[in-house]
Each structure stands twice: as C-alpha cells, then as structure tokens.
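This is target-v5.cif (mmCIF, C-alpha atoms).
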data_query
#
loop_
_atom_site.label_atom_id
_atom_site.label_comp_id
_atom_site.auth_asym_id
_atom_site.auth_seq_id
_atom_site.Cartn_x
_atom_site.Cartn_y
_atom_site.Cartn_z
CA MET A 1 0.00 0.00 0.00
CA GLU A 2 1.34 3.42 -0.96
CA TYR A 3 0.66 6.71 0.80
CA PHE A 4 1.29 10.31 -0.10
CA THR A 5 3.76 12.19 2.04
CA ILE A 6 4.97 15.73 1.46
CA ALA A 7 8.18 14.89 3.35
CA LYS A 8 9.42 13.16 0.18
CA TYR A 9 9.84 16.60 -1.41
CA GLN A 10 11.41 18.49 1.51
CA ASP A 11 14.76 18.83 -0.28
CA TRP A 12 13.17 20.08 -3.53
CA GLU A 13 13.12 23.80 -4.36
CA ILE A 14 10.40 26.00 -5.81
CA ASP A 15 10.45 26.07 -9.62
CA GLN A 16 10.48 29.77 -10.46
CA ASP A 17 9.50 29.08 -14.08
CA TRP A 18 5.95 28.59 -12.83
CA THR A 19 3.66 30.40 -10.39
CA SER A 20 3.00 28.29 -7.28
CA SER A 21 0.18 28.65 -4.80
CA GLU A 22 -0.87 26.92 -1.59
CA ASN A 23 -2.83 24.26 -3.52
CA ASP A 24 -0.69 24.10 -6.64
CA LYS A 25 3.06 23.81 -6.13
CA PHE A 26 5.80 23.49 -8.76
CA LEU A 27 9.06 22.01 -7.49
CA LYS A 28 12.37 21.00 -9.05
CA LYS A 29 15.46 18.95 -8.25
CA GLY A 30 18.17 18.69 -10.90
CA ASN A 31 16.45 17.58 -14.14
CA GLU A 32 13.37 16.40 -12.26
CA ARG A 33 10.16 18.42 -12.02
CA VAL A 34 7.05 17.82 -9.94
CA ARG A 35 3.67 19.51 -9.69
CA ILE A 36 1.66 18.88 -6.52
CA THR A 37 -1.98 19.85 -6.88
CA SER A 38 -4.48 19.68 -4.04
CA HIS A 39 -8.14 19.27 -5.05
CA LYS A 40 -11.27 18.89 -2.94
CA ASN A 41 -11.01 15.13 -2.50
CA LYS A 42 -7.65 14.21 -3.98
CA ILE A 43 -3.98 15.11 -4.26
CA GLN A 44 -2.29 14.77 -7.65
CA ILE A 45 1.44 14.34 -8.12
CA LYS A 46 2.79 14.81 -11.64
CA ARG A 47 6.48 14.14 -12.22
CA SER A 48 8.57 14.68 -15.32
CA LEU A 49 12.10 15.20 -16.62
CA THR A 50 13.27 18.29 -18.49
CA PHE A 51 14.78 16.39 -21.43
CA ASN A 52 11.93 14.10 -22.54
CA ARG A 53 8.15 14.02 -22.94
CA TYR A 54 7.26 11.35 -20.41
CA THR A 55 5.22 12.14 -17.29
CA LYS A 56 4.09 10.00 -14.37
CA THR A 57 1.01 10.87 -12.37
CA TRP A 58 -0.13 9.53 -8.99
CA ILE A 59 -3.53 10.36 -7.51
CA TYR A 60 -4.06 10.00 -3.75
CA ASP A 61 -7.14 10.21 -1.57
CA LYS A 62 -6.89 13.55 0.22
CA LYS A 63 -8.33 12.29 3.52
CA SER A 64 -6.53 8.96 3.86
CA ALA A 65 -3.49 9.76 1.63
CA VAL A 66 -3.90 6.28 0.06
CA LEU A 67 -2.87 5.85 -3.59
CA ARG A 68 -5.95 5.52 -5.84
CA ALA A 69 -4.53 5.70 -9.39
CA TYR A 70 -1.30 5.78 -11.39
CA VAL A 71 -0.76 6.59 -15.09
CA MET A 72 2.23 7.25 -17.33
CA CYS A 73 1.92 9.57 -20.33
CA PHE A 74 3.87 10.63 -23.38
CA ASN A 75 3.03 14.06 -24.74
CA GLN A 76 -0.28 14.02 -22.79
CA PHE A 77 -1.58 10.63 -23.98
CA PRO A 78 -1.54 7.58 -21.66
CA ILE A 79 0.93 4.75 -22.25
CA ALA A 80 2.02 1.54 -20.52
CA ILE A 81 -0.09 0.06 -17.70
CA GLY A 82 -2.52 2.31 -15.84
CA LYS A 83 -3.34 1.13 -12.31
CA PHE A 84 -6.37 1.78 -10.12
CA TYR A 85 -6.77 1.06 -6.41
CA ASN A 86 -9.72 0.93 -4.00
CA GLU A 87 -10.07 2.99 -0.83
CA ASN A 88 -7.86 0.49 1.01
CA GLY A 89 -5.04 0.83 -1.51
CA ILE A 90 -5.63 -2.61 -3.06
CA LEU A 91 -5.11 -2.92 -6.80
CA ILE A 92 -8.50 -3.49 -8.47
CA LYS A 93 -7.90 -2.73 -12.14
CA GLU A 94 -5.14 -2.43 -14.74
CA THR A 95 -5.46 -0.89 -18.20
CA ASP A 96 -2.93 -1.59 -20.94
CA HIS A 97 -2.92 1.64 -22.94
CA ASP A 98 -0.42 0.20 -25.45
CA GLU A 99 -2.47 -2.90 -26.31
CA PRO A 100 -4.29 -1.46 -29.38
CA TYR A 101 -1.02 -0.25 -30.90
CA SER A 102 0.97 -3.10 -32.46
CA PHE A 103 3.25 -0.40 -33.86
CA SER A 104 4.71 0.80 -30.59
CA LEU A 105 5.61 4.29 -29.42
CA LYS A 106 9.28 3.26 -29.40
CA GLU A 107 9.01 2.20 -33.05
CA LEU A 108 7.30 5.51 -33.88
CA ILE A 109 10.15 7.47 -32.28
CA LEU A 110 12.72 5.49 -34.30
CA LYS A 111 10.71 5.88 -37.53
CA ILE A 112 10.43 9.67 -37.26
CA LYS A 113 14.09 9.97 -36.31
CA LYS A 114 15.16 7.85 -39.29
CA GLU A 115 12.86 9.37 -41.90
CA HIS A 116 12.74 13.00 -40.72
CA ASP A 117 15.86 13.36 -38.54
CA ILE A 118 13.79 14.66 -35.61
CA ASP A 119 13.73 13.12 -32.14
CA ILE A 120 10.10 13.44 -31.00
CA ASP A 121 11.15 12.30 -27.52
CA ASP A 122 13.30 15.43 -27.10
CA ASN A 123 11.38 18.01 -25.08
CA LYS A 124 13.22 20.83 -26.82
CA GLN A 125 11.81 19.91 -30.22
CA ASN A 126 8.75 21.85 -31.40
CA VAL A 127 6.66 18.78 -32.14
CA VAL A 128 3.23 17.45 -31.20
CA VAL A 129 2.39 13.75 -31.05
CA SER A 130 -0.98 12.18 -30.31
CA ARG A 131 -2.64 8.82 -30.76
CA ARG A 132 -6.15 7.40 -30.55
CA ILE A 133 -8.53 4.73 -31.80
CA GLU A 134 -10.10 6.56 -34.74
CA ASP A 135 -13.73 5.46 -35.10
CA LYS A 136 -14.12 7.02 -38.54
CA ILE A 137 -11.59 4.63 -40.08
CA LYS A 138 -11.83 1.85 -37.48
CA LYS A 139 -8.15 1.71 -36.60
CA PRO A 140 -5.56 3.06 -34.14
CA VAL A 141 -3.52 6.00 -35.45
CA TYR A 142 -0.68 8.31 -34.52
CA GLU A 143 -0.71 11.96 -35.56
CA VAL A 144 2.66 13.71 -35.72
CA TYR A 145 3.16 17.44 -36.27
CA LEU A 146 6.72 18.51 -37.11
CA PRO A 147 8.36 21.85 -37.92
CA SER A 148 8.83 21.99 -41.68
CA LYS A 149 12.35 22.28 -43.05
CA ASP A 150 10.99 24.20 -46.05
CA SER A 151 9.75 27.35 -44.35
CA ILE A 152 9.43 29.01 -40.94
CA GLY A 153 5.84 28.83 -39.71
CA LYS A 154 5.10 25.79 -41.83
CA ARG A 155 4.23 22.45 -40.24
CA ASP A 156 4.43 18.89 -41.57
CA TYR A 157 1.59 16.54 -40.68
CA ILE A 158 1.99 12.76 -40.73
CA LEU A 159 -0.79 10.26 -40.06
CA ILE A 160 0.53 6.79 -39.20
CA ASP A 161 -1.28 3.47 -38.89
CA GLY A 162 -0.99 2.34 -35.27
CA THR A 163 -1.05 -1.32 -36.30
CA THR A 164 1.34 -1.50 -39.26
CA GLY A 165 3.40 1.70 -38.94
CA ASP A 166 2.51 2.64 -42.53
CA VAL A 167 2.12 6.31 -43.41
CA LEU A 168 -1.54 6.83 -44.26
CA PHE A 169 -1.37 10.51 -45.16
CA GLU A 170 1.09 13.41 -45.27
CA THR A 171 0.60 17.11 -45.86
CA ALA A 172 2.13 20.47 -44.99
CA TYR A 173 0.41 23.66 -43.91
CA TYR A 174 1.03 27.11 -42.45
CA SER A 175 0.04 27.30 -38.80
CA HIS A 176 -1.42 30.82 -39.20
CA ASP A 177 -3.85 29.71 -41.94
CA ASN A 178 -7.25 30.09 -40.26
CA GLN A 179 -9.09 28.76 -43.33
CA LEU A 180 -7.22 25.47 -43.31
CA THR A 181 -9.19 22.23 -43.40
CA PRO A 182 -7.78 20.11 -40.53
CA PRO A 183 -5.24 17.58 -41.87
CA PHE A 184 -7.20 14.55 -40.68
CA ASP A 185 -10.31 15.84 -42.43
CA GLN A 186 -8.21 16.21 -45.58
CA TYR A 187 -7.30 12.54 -45.24
CA LEU A 188 -10.96 11.54 -44.90
CA TYR A 189 -11.79 13.57 -47.99
CA SER A 190 -9.02 11.80 -49.93
CA LEU A 191 -10.52 8.44 -48.92
CA GLU A 192 -13.95 9.52 -50.12
CA SER A 193 -12.49 10.74 -53.42
CA LYS A 194 -10.60 7.48 -53.95
CA GLU A 195 -13.73 5.42 -53.20
CA LYS A 196 -15.72 7.42 -55.75
CA GLU A 197 -12.93 7.00 -58.31
CA ASP A 198 -12.64 3.25 -57.66
CA ASN A 199 -16.38 2.73 -58.09
CA ALA A 200 -16.90 5.00 -61.10
CA TYR A 201 -17.01 3.70 -64.69
CA PHE A 202 -13.46 3.05 -65.89
CA LYS A 203 -13.55 1.16 -69.19
CA THR A 204 -15.35 -1.43 -71.32
CA TYR A 205 -13.75 -4.70 -72.39
CA LYS A 206 -15.46 -7.27 -74.62
CA GLY A 207 -18.82 -5.62 -74.07
CA LYS A 208 -18.58 -5.50 -70.27
CA SER A 209 -18.20 -2.28 -68.27
CA TYR A 210 -15.73 -2.16 -65.39
CA THR A 211 -15.11 0.22 -62.52
CA LYS A 212 -11.45 0.93 -61.77
CA ILE A 213 -11.34 -1.48 -58.85
CA GLU A 214 -13.17 -4.19 -60.87
CA TRP A 215 -10.72 -3.75 -63.73
CA GLU A 216 -7.76 -4.13 -61.38
CA ARG A 217 -9.27 -7.34 -59.98
CA PHE A 218 -9.86 -8.62 -63.52
CA LEU A 219 -6.22 -7.97 -64.47
CA ASP A 220 -5.03 -9.73 -61.29
CA GLU A 221 -7.16 -12.77 -62.12
CA CYS A 222 -5.85 -12.83 -65.70
CA HIS A 223 -2.29 -12.69 -64.42
CA GLU A 224 -2.93 -15.53 -61.93
CA ASN A 225 -4.52 -17.69 -64.64
CA TYR A 226 -1.57 -16.98 -66.94
CA GLU A 227 0.91 -18.00 -64.24
CA GLU A 228 -1.03 -21.20 -63.51
CA ARG A 229 -1.10 -22.17 -67.22
CA ASN A 230 2.62 -21.53 -67.59
CA THR A 231 3.38 -23.56 -64.47
CA SER A 232 1.32 -26.48 -65.79
CA ILE A 233 2.93 -26.32 -69.25
CA ASN A 234 6.43 -26.17 -67.75
CA PHE A 235 5.64 -29.12 -65.50
CA TRP A 236 4.47 -31.41 -68.32
CA GLY A 237 7.27 -30.16 -70.55
CA ASN A 238 9.80 -31.24 -67.94
CA VAL A 239 8.10 -34.62 -67.51
CA LEU A 240 8.06 -35.31 -71.25
CA ASN A 241 11.68 -34.19 -71.65
CA ARG A 242 12.78 -36.80 -69.11
CA LYS A 243 11.61 -39.62 -71.41
#
Using the file provided, produce a representation of the structure as structure tokens.
Amino acid sequence: MEYFTIAKYQDWEIDQDWTSSENDKFLKKGNERVRITSHKNKIQIKRSLTFNRYTKTWIYDKKSAVLRAYVMCFNQFPIAIGKFYNENGILIKETDHDEPYSFSLKELILKIKKEHDIDIDDNKQNVVVSRRIEDKIKKPVYEVYLPSKDSIGKRDYILIDGTTGDVLFETAYYSHDNQLTPPFDQYLYSLESKEKEDNAYFKTYKGKSYTKIEWERFLDECHENYEERNTSINFWGNVLNRK
C-alpha cells in the first residue's frame, strides 16, 4: 500500500518558471520536475524530466493519503499500464494503454528519427504527437506534427497506422492559416475521393463495363490464370523431356 507524504519533497526547491500557490506547487530537483496539486477530495502528483516528454502521475485520496490511481503519459496521452486502487489501496484494475497499438511508441520514435531526422522524444523539439482509436476509419492512429524544413511557420503533418506503422497521409500547412481544413479531415476527404474514383465507370472490355477497382481485380485474375497455365505447361514439358 502506498501513501502520499509531502516529506518526500522536503529537499526540492520551488520552480520559479511557474507560479506556485498553496494548492498548486511546482518544485524542481536537478532535471526532475514535480507539480503537486491539491483538489477537494484528492492530491495529484505529476512528475517529469526536463529532457523528454514522459510524465508520471499519482492520484491519492486527500483524507486517507492512500494511492488511488497511477498513469504514465507521453506528450499528454496515456501509455504503458494504468493502475487503479480501492479505498484500502488494493489494486483493483489495470489498463494496458499500449495494447491497441501493435506499432509501438518506441518504433514511432525510431521511424520519425530515421525518416525525418527529428527526435520526437526530445522536449526541446517543437513537435506534437498524439494517438487514438479513430472510429471514422476503425483503426488506431498516430498523428505527428513537425516543424517543416521548407519554411518558418510551416508544419508537416503525418498520419501513421498504429497497427502497421505505414504512413496513411502526409501534408504540410502554415500554422497561421485560419481557413485550413484540418489535416485529418483532408485525409478523410481523400478516402472519399478514392472510393468514388474506384467505383466509377473506368472502361469497357469485350462488351462488359468495369469500374477501376473491378478492372484491377480482372487484371489480377488474368495474371494468376496466366501463371497457372505456364506452371502447368512447364511441369508437363519437364516430364516429357525426361523420357
């Protein structure tokens, strides 16, 4: 069982980069930072490091000081195993926030570093990273916003499949453009356009009309049939040549 105790932070100093109050204190110790917030029924401890984007948060019952919840975050979204405790401090529930994402956060960090030469784990970088289960496309996704190397004030947007790690959509935009269609909405529009194109009339062959997607299937089938015929011919040719 874990309890909150303010004595743990007696050797920490006030962080002058923030404004502290009686119920909301900002403390620091070396590269470590902590925010202690007192609410009506709970006390929240949020700890972080100055050089990366990870935070750890503990929530305690204000009256009993017993730990009630713990969560770890990266850039504001929960990761790893979240834990929840009852009023007696006994673990009653765990939530695996990484479970829907076969393409892990670590893999995402490596991918962006390799392909864009930007470390999204570095707190000094002007980047934004989020992830969610996107109901509109029925899959987990990461959204990454990077400073563009083309122009100051321009941002690069990358939408990544949270299962495969494939890039689903990329675009660039100026952050001061108030008329901009949100990048994810642009992606949805591109899907709608592609669906219309795939299902529109494409061509006629031997009196039959095909949509684009039907024509592509037809060509695939023709290719498979061709390969099967060639395999069969080569097989019997080899058998006959042995005689």
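Nearest residue to Gly165 of chain A, choosing from A:Asp150, A:Glu107, A:Asp24, A:Glu94 and counting all atoms listed in the file: A:Glu107.
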If we count all atoms listed in the file and set the cut-off at 8 Å, which residues sit around segment 35-45 of chain A, ignoring sequence neighbours fewer than 5 positions away in its own chain? Please answer as a compact mmCIF listing (two decimals) with C-alpha atoms, in the frame of the given file.
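Written out: out-v4.txt:
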# COMPACT_ATOMS: atom_id res chain seq x y z
CA ASN A 23 -2.83 24.26 -3.52
CA ASP A 24 -0.69 24.10 -6.64
CA LYS A 25 3.06 23.81 -6.13
CA PHE A 26 5.80 23.49 -8.76
CA LEU A 27 9.06 22.01 -7.49
CA THR A 57 1.01 10.87 -12.37
CA TRP A 58 -0.13 9.53 -8.99
CA ILE A 59 -3.53 10.36 -7.51
CA TYR A 60 -4.06 10.00 -3.75
CA ASP A 61 -7.14 10.21 -1.57
CA LYS A 62 -6.89 13.55 0.22
CA LYS A 63 -8.33 12.29 3.52
CA ALA A 65 -3.49 9.76 1.63
* Nearby residues (only C-alpha atoms) at most 9 Å from Pro100 of chain A, same-chain spacing under 2 positions excluded, as a PyMOL selection string -> chain A and resi 96-98+102-103+133+139-140+162-163
* Please write the residues picked by the PyMOL selection byres ((chain A and resi 167-176) around 10) on this file as number ranges by chain. => A: 141-148, 150-162, 164-166, 177-184, 186-188, 190
Suppose we keep C-alpha atoms; can you now write the selection as a CSV table (one decimal), in the coordinates of the input?
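Printed below is selection_18.csv as written:
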chain,number,residue,atom,x,y,z
A,141,VAL,CA,-3.5,6.0,-35.4
A,142,TYR,CA,-0.7,8.3,-34.5
A,143,GLU,CA,-0.7,12.0,-35.6
A,144,VAL,CA,2.7,13.7,-35.7
A,145,TYR,CA,3.2,17.4,-36.3
A,146,LEU,CA,6.7,18.5,-37.1
A,147,PRO,CA,8.4,21.8,-37.9
A,148,SER,CA,8.8,22.0,-41.7
A,150,ASP,CA,11.0,24.2,-46.0
A,151,SER,CA,9.8,27.4,-44.4
A,152,ILE,CA,9.4,29.0,-40.9
A,153,GLY,CA,5.8,28.8,-39.7
A,154,LYS,CA,5.1,25.8,-41.8
A,155,ARG,CA,4.2,22.4,-40.2
A,156,ASP,CA,4.4,18.9,-41.6
A,157,TYR,CA,1.6,16.5,-40.7
A,158,ILE,CA,2.0,12.8,-40.7
A,159,LEU,CA,-0.8,10.3,-40.1
A,160,ILE,CA,0.5,6.8,-39.2
A,161,ASP,CA,-1.3,3.5,-38.9
A,162,GLY,CA,-1.0,2.3,-35.3
A,164,THR,CA,1.3,-1.5,-39.3
A,165,GLY,CA,3.4,1.7,-38.9
A,166,ASP,CA,2.5,2.6,-42.5
A,177,ASP,CA,-3.8,29.7,-41.9
A,178,ASN,CA,-7.2,30.1,-40.3
A,179,GLN,CA,-9.1,28.8,-43.3
A,180,LEU,CA,-7.2,25.5,-43.3
A,181,THR,CA,-9.2,22.2,-43.4
A,182,PRO,CA,-7.8,20.1,-40.5
A,183,PRO,CA,-5.2,17.6,-41.9
A,184,PHE,CA,-7.2,14.6,-40.7
A,186,GLN,CA,-8.2,16.2,-45.6
A,187,TYR,CA,-7.3,12.5,-45.2
A,188,LEU,CA,-11.0,11.5,-44.9
A,190,SER,CA,-9.0,11.8,-49.9
May I have the protein, DNA and RNA residues with an atom at most 9 Å from (1.5, 14.4, -20.8), counting only C-alpha atoms in the file's coordinates, returned as a PDB file with C-alpha atoms, in the frame of the given file?
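File written: part-v2.pdb
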ATOM      1  CA  SER A  48       8.570  14.680 -15.320  1.00  0.00           C
ATOM      2  CA  ARG A  53       8.150  14.020 -22.940  1.00  0.00           C
ATOM      3  CA  TYR A  54       7.260  11.350 -20.410  1.00  0.00           C
ATOM      4  CA  THR A  55       5.220  12.140 -17.290  1.00  0.00           C
ATOM      5  CA  LYS A  56       4.090  10.000 -14.370  1.00  0.00           C
ATOM      6  CA  MET A  72       2.230   7.250 -17.330  1.00  0.00           C
ATOM      7  CA  CYS A  73       1.920   9.570 -20.330  1.00  0.00           C
ATOM      8  CA  PHE A  74       3.870  10.630 -23.380  1.00  0.00           C
ATOM      9  CA  ASN A  75       3.030  14.060 -24.740  1.00  0.00           C
ATOM     10  CA  GLN A  76      -0.280  14.020 -22.790  1.00  0.00           C
ATOM     11  CA  PHE A  77      -1.580  10.630 -23.980  1.00  0.00           C
ATOM     12  CA  PRO A  78      -1.540   7.580 -21.660  1.00  0.00           C
TER      13      PRO A  78
END
* List every protein, DNA or RNA residue that has an atom no more than 9 Å from (11.9, 17.3, -7.9) in the file's coordinate frame, counting only C-alpha atoms, and report them as number ranges by chain. => A: 9, 11-13, 26-35, 47-49
Would you export the selected residues with C-alpha atoms as a CSV table (one decimal), in the coordinates of the input, please?
chain,number,residue,atom,x,y,z
A,9,TYR,CA,9.8,16.6,-1.4
A,11,ASP,CA,14.8,18.8,-0.3
A,12,TRP,CA,13.2,20.1,-3.5
A,13,GLU,CA,13.1,23.8,-4.4
A,26,PHE,CA,5.8,23.5,-8.8
A,27,LEU,CA,9.1,22.0,-7.5
A,28,LYS,CA,12.4,21.0,-9.0
A,29,LYS,CA,15.5,19.0,-8.2
A,30,GLY,CA,18.2,18.7,-10.9
A,31,ASN,CA,16.4,17.6,-14.1
A,32,GLU,CA,13.4,16.4,-12.3
A,33,ARG,CA,10.2,18.4,-12.0
A,34,VAL,CA,7.0,17.8,-9.9
A,35,ARG,CA,3.7,19.5,-9.7
A,47,ARG,CA,6.5,14.1,-12.2
A,48,SER,CA,8.6,14.7,-15.3
A,49,LEU,CA,12.1,15.2,-16.6
* Asked: Please, what distance in Å, to one decimal, runs between atom CA of Lys212 of chain A and atom CA of Glu224 of chain A?
  -> 18.5 Å
